[in-house]
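Quick notes on the structure that follows.
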Amino acid sequence: MNTHTTPTAAPSSINLVPLRQRNRRLRGFTLVELMMVIAVASVLLGFGVPSMTALMNSNKLTAASNALLSSMRLARSEAFKRNGKVVLCKSGDGVACVSKGGWEQGWIVFHDANHNGEHDQDEVVIERANALPASLRVTGNSSLAKYVSFVSTGTTRLIGGGFQAGTVTVCNQSATGGEARQIVLNVVGRPRVQKVAVGSCA
């Protein structure tokens with residue numbers, strides 16, 4: 001009886017990579033190449049920094065104008081709710097209304113029970129807003145220079161009883177001006193924000 005055996009395959013050969021090839025080091029930058037990279041990076045950085053600064057300034061304007069807008073809306077809402085006069089005024093200490101300086105120093109919202117446009121000791125402070133960044137200037141026109149006064153119907157009234165309307169401009173301090181925000185308050189007491197440009201911002 002013949003026995004056939006299947007021939008076994010010969011072991012495959014193993015390719016060994018020479019040690020000096022596996023340990024081959026990468027070639028580094030030359031001094032000229034490094035100087036070129038630095039030069040290109042400097043040019044790109046020169047374009048990027050002004051754009052970043054403009055974006056940051058724009059964000060500050062938006063945040064500041066939205067904060068003041070929110071306080072105006074709160075004062076109007078509280079006048080409805082309390083069926084009385086609620087005033088938003090400039091205040092550097094969070095207690096007393098002031099006539100000097102801009103709105104950037106901060107402000108308060110309070111229930112003006114005696115209708116004199118000033119925060120008296122027994123009157124409730126509804127909201128206090130801290131000072132804005134030092135680079136900002138916030139200026140109201142003549143009727144909104146010191147305070148905004150809402151009556152129970154939600155409309156604005158001067159202390160003397162006349163309609164109160166106007167604008168408050170928020171800008172980055174600069175002799176050359178630039179982008180700004182303007183809060184527009186209409187005769188029925190509704191505020192809104194719009195983008196504007198100013199020639200200067202002192």
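Ligands are numbered from 1 in the order shown, chains are lettered A, B, ... in the order of the structure tokens, and residues start at 1 in each chain.
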Run DSSP on the backbone of this structure and report the residues of stretch 1-201 of chain A it assigns to strand (DSSP E or B), as a PyMOL selection string. chain A and resi 86-90+107-111+125-129+136-140+147-150+156-157+163+166-172+174+178-185+191-198+201
Output C-alpha atoms for every residue in that selection, as an mmCIF file, in the first residue's frame.
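The resulting out-v9.cif:
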```
data_model
loop_
_atom_site.group_PDB
_atom_site.id
_atom_site.type_symbol
_atom_site.label_atom_id
_atom_site.label_comp_id
_atom_site.auth_asym_id
_atom_site.auth_seq_id
_atom_site.Cartn_x
_atom_site.Cartn_y
_atom_site.Cartn_z
ATOM 1 C CA VAL A 86 -40.347 103.588 37.404
ATOM 2 C CA VAL A 87 -37.128 105.447 36.619
ATOM 3 C CA LEU A 88 -33.825 104.374 35.102
ATOM 4 C CA CYS A 89 -31.055 106.848 35.967
ATOM 5 C CA LYS A 90 -27.266 107.159 35.838
ATOM 6 C CA TRP A 107 -27.232 102.931 36.447
ATOM 7 C CA ILE A 108 -30.142 101.937 38.666
ATOM 8 C CA VAL A 109 -33.810 101.117 38.073
ATOM 9 C CA PHE A 110 -36.130 102.127 40.926
ATOM 10 C CA HIS A 111 -39.793 102.706 41.797
ATOM 11 C CA VAL A 125 -34.205 99.668 43.827
ATOM 12 C CA ILE A 126 -35.245 97.081 41.252
ATOM 13 C CA GLU A 127 -31.906 96.704 39.479
ATOM 14 C CA ARG A 128 -28.332 97.949 39.780
ATOM 15 C CA ALA A 129 -25.911 97.905 36.834
ATOM 16 C CA LEU A 136 -16.707 102.834 26.348
ATOM 17 C CA ARG A 137 -18.645 106.100 26.270
ATOM 18 C CA VAL A 138 -22.452 106.094 26.608
ATOM 19 C CA THR A 139 -24.135 109.440 26.033
ATOM 20 C CA GLY A 140 -27.800 110.356 25.890
ATOM 21 C CA TYR A 147 -32.763 109.514 33.299
ATOM 22 C CA VAL A 148 -35.568 107.634 31.555
ATOM 23 C CA SER A 149 -38.942 107.741 33.310
ATOM 24 C CA PHE A 150 -41.756 105.281 32.559
ATOM 25 C CA THR A 156 -42.063 107.754 28.889
ATOM 26 C CA ARG A 157 -42.548 111.129 30.557
ATOM 27 C CA PHE A 163 -43.144 113.270 26.314
ATOM 28 C CA GLY A 166 -34.470 110.373 22.092
ATOM 29 C CA THR A 167 -31.288 108.362 21.679
ATOM 30 C CA VAL A 168 -28.418 107.003 23.743
ATOM 31 C CA THR A 169 -25.172 106.396 21.823
ATOM 32 C CA VAL A 170 -22.674 103.707 22.832
ATOM 33 C CA CYS A 171 -19.191 103.999 21.291
ATOM 34 C CA ASN A 172 -15.548 103.066 21.847
ATOM 35 C CA SER A 174 -11.639 107.388 19.945
ATOM 36 C CA GLY A 178 -16.096 104.504 14.063
ATOM 37 C CA GLU A 179 -18.714 101.830 14.645
ATOM 38 C CA ALA A 180 -21.259 102.528 17.398
ATOM 39 C CA ARG A 181 -24.640 101.442 18.730
ATOM 40 C CA GLN A 182 -27.614 103.705 19.306
ATOM 41 C CA ILE A 183 -30.562 102.954 21.568
ATOM 42 C CA VAL A 184 -33.610 104.704 20.146
ATOM 43 C CA LEU A 185 -36.503 105.394 22.515
ATOM 44 C CA PRO A 191 -36.578 101.106 22.941
ATOM 45 C CA ARG A 192 -34.590 99.451 20.159
ATOM 46 C CA VAL A 193 -30.918 99.211 19.144
ATOM 47 C CA GLN A 194 -29.438 100.124 15.778
ATOM 48 C CA LYS A 195 -25.919 100.162 14.339
ATOM 49 C CA VAL A 196 -24.509 103.593 13.509
ATOM 50 C CA ALA A 197 -21.167 105.252 12.759
ATOM 51 C CA VAL A 198 -19.846 108.251 14.686
ATOM 52 C CA CYS A 201 -16.245 109.418 20.573
#
```
All alpha helix (DSSP H) positions in stretch 22-109 of chain A, as a PyMOL selection string: chain A and resi 22+31-82
Expected file contents, prior selection, N, CA and C atoms, as a compact mmCIF listing (two decimals), in the first residue's frame:
```
# COMPACT_ATOMS: atom_id res chain seq x y z
N ARG A 22 15.81 52.06 9.56
CA ARG A 22 14.72 52.32 10.49
C ARG A 22 15.03 53.49 11.41
N LEU A 31 18.24 77.37 8.16
CA LEU A 31 18.05 78.72 8.72
C LEU A 31 17.24 79.59 7.77
N VAL A 32 17.48 79.45 6.46
CA VAL A 32 16.74 80.24 5.47
C VAL A 32 15.26 79.88 5.49
N GLU A 33 14.95 78.59 5.56
CA GLU A 33 13.56 78.15 5.61
C GLU A 33 12.86 78.66 6.87
N LEU A 34 13.55 78.60 7.99
CA LEU A 34 12.99 79.07 9.25
C LEU A 34 12.69 80.57 9.19
N MET A 35 13.59 81.35 8.60
CA MET A 35 13.38 82.80 8.47
C MET A 35 12.18 83.09 7.57
N MET A 36 11.99 82.29 6.52
CA MET A 36 10.85 82.49 5.63
C MET A 36 9.54 82.20 6.35
N VAL A 37 9.51 81.16 7.17
CA VAL A 37 8.30 80.82 7.95
C VAL A 37 7.96 81.95 8.91
N ILE A 38 8.96 82.48 9.58
CA ILE A 38 8.74 83.59 10.53
C ILE A 38 8.22 84.82 9.80
N ALA A 39 8.77 85.11 8.62
CA ALA A 39 8.33 86.28 7.85
C ALA A 39 6.86 86.15 7.43
N VAL A 40 6.48 84.96 6.94
CA VAL A 40 5.09 84.73 6.52
C VAL A 40 4.15 84.84 7.72
N ALA A 41 4.56 84.26 8.86
CA ALA A 41 3.73 84.31 10.06
C ALA A 41 3.53 85.75 10.53
N SER A 42 4.58 86.56 10.42
CA SER A 42 4.49 87.96 10.83
C SER A 42 3.50 88.73 9.97
N VAL A 43 3.52 88.48 8.67
CA VAL A 43 2.58 89.14 7.76
C VAL A 43 1.14 88.74 8.08
N LEU A 44 0.90 87.44 8.29
CA LEU A 44 -0.45 86.96 8.61
C LEU A 44 -0.92 87.52 9.94
N LEU A 45 -0.02 87.61 10.91
CA LEU A 45 -0.38 88.17 12.21
C LEU A 45 -0.73 89.64 12.09
N GLY A 46 -0.02 90.35 11.20
CA GLY A 46 -0.30 91.77 10.99
C GLY A 46 -1.70 92.00 10.44
N PHE A 47 -2.19 91.07 9.62
CA PHE A 47 -3.55 91.18 9.10
C PHE A 47 -4.58 90.76 10.15
N GLY A 48 -4.21 89.78 10.97
CA GLY A 48 -5.16 89.22 11.93
C GLY A 48 -5.43 90.08 13.14
N VAL A 49 -4.43 90.77 13.67
CA VAL A 49 -4.59 91.55 14.90
C VAL A 49 -5.61 92.67 14.76
N PRO A 50 -5.57 93.50 13.70
CA PRO A 50 -6.62 94.54 13.58
C PRO A 50 -8.02 93.95 13.48
N SER A 51 -8.16 92.84 12.78
CA SER A 51 -9.48 92.21 12.64
C SER A 51 -9.98 91.72 13.99
N MET A 52 -9.09 91.13 14.79
CA MET A 52 -9.47 90.65 16.11
C MET A 52 -9.84 91.80 17.03
N THR A 53 -9.10 92.90 16.95
CA THR A 53 -9.39 94.07 17.77
C THR A 53 -10.75 94.65 17.41
N ALA A 54 -11.03 94.75 16.12
CA ALA A 54 -12.33 95.26 15.67
C ALA A 54 -13.47 94.37 16.15
N LEU A 55 -13.26 93.06 16.11
CA LEU A 55 -14.29 92.12 16.56
C LEU A 55 -14.56 92.27 18.06
N MET A 56 -13.49 92.42 18.84
CA MET A 56 -13.64 92.59 20.29
C MET A 56 -14.35 93.89 20.62
N ASN A 57 -14.00 94.96 19.91
CA ASN A 57 -14.67 96.25 20.13
C ASN A 57 -16.15 96.18 19.78
N SER A 58 -16.46 95.50 18.69
CA SER A 58 -17.85 95.34 18.27
C SER A 58 -18.65 94.55 19.31
N ASN A 59 -18.02 93.51 19.86
CA ASN A 59 -18.69 92.70 20.88
C ASN A 59 -18.96 93.52 22.14
N LYS A 60 -18.01 94.39 22.51
CA LYS A 60 -18.22 95.24 23.69
C LYS A 60 -19.38 96.20 23.47
N LEU A 61 -19.47 96.76 22.28
CA LEU A 61 -20.58 97.67 21.96
C LEU A 61 -21.92 96.94 22.06
N THR A 62 -21.96 95.74 21.50
CA THR A 62 -23.20 94.96 21.51
C THR A 62 -23.61 94.61 22.94
N ALA A 63 -22.65 94.17 23.75
CA ALA A 63 -22.95 93.78 25.12
C ALA A 63 -23.45 94.97 25.94
N ALA A 64 -22.78 96.12 25.79
CA ALA A 64 -23.16 97.30 26.57
C ALA A 64 -24.53 97.83 26.16
N SER A 65 -24.78 97.92 24.86
CA SER A 65 -26.07 98.44 24.40
C SER A 65 -27.21 97.50 24.77
N ASN A 66 -26.95 96.19 24.71
CA ASN A 66 -27.99 95.23 25.09
C ASN A 66 -28.29 95.29 26.58
N ALA A 67 -27.26 95.56 27.40
CA ALA A 67 -27.47 95.68 28.84
C ALA A 67 -28.36 96.87 29.16
N LEU A 68 -28.09 98.01 28.53
CA LEU A 68 -28.91 99.20 28.78
C LEU A 68 -30.32 99.02 28.21
N LEU A 69 -30.41 98.42 27.05
CA LEU A 69 -31.72 98.13 26.45
C LEU A 69 -32.55 97.23 27.36
N SER A 70 -31.92 96.20 27.93
CA SER A 70 -32.60 95.29 28.83
C SER A 70 -33.12 96.02 30.07
N SER A 71 -32.34 96.96 30.59
CA SER A 71 -32.77 97.72 31.76
C SER A 71 -33.94 98.64 31.43
N MET A 72 -33.94 99.22 30.25
CA MET A 72 -35.07 100.05 29.83
C MET A 72 -36.35 99.21 29.74
N ARG A 73 -36.22 98.02 29.16
CA ARG A 73 -37.39 97.15 29.04
C ARG A 73 -37.88 96.69 30.41
N LEU A 74 -36.94 96.45 31.32
CA LEU A 74 -37.32 96.07 32.68
C LEU A 74 -38.08 97.21 33.36
N ALA A 75 -37.56 98.44 33.23
CA ALA A 75 -38.21 99.59 33.85
C ALA A 75 -39.63 99.77 33.30
N ARG A 76 -39.79 99.58 32.02
CA ARG A 76 -41.12 99.72 31.40
C ARG A 76 -42.07 98.65 31.91
N SER A 77 -41.57 97.41 31.99
CA SER A 77 -42.38 96.31 32.48
C SER A 77 -42.79 96.52 33.94
N GLU A 78 -41.86 97.02 34.75
CA GLU A 78 -42.15 97.25 36.17
C GLU A 78 -43.16 98.40 36.35
N ALA A 79 -43.13 99.37 35.47
CA ALA A 79 -44.11 100.46 35.55
C ALA A 79 -45.52 99.93 35.32
N PHE A 80 -45.66 99.01 34.35
CA PHE A 80 -46.95 98.34 34.13
C PHE A 80 -47.37 97.58 35.39
N LYS A 81 -46.44 96.76 35.89
CA LYS A 81 -46.73 95.85 36.99
C LYS A 81 -47.10 96.61 38.27
N ARG A 82 -46.38 97.68 38.56
CA ARG A 82 -46.58 98.43 39.80
C ARG A 82 -47.65 99.52 39.66
```
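One distance worth recording is that between atom CA of A:Ala113 and atom CA of A:Ser152, which is 11.6 Å.
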One-decimal distance in Å that lies between atom CA of A:Gly189 and atom CA of A:Gly154: 6.1 Å
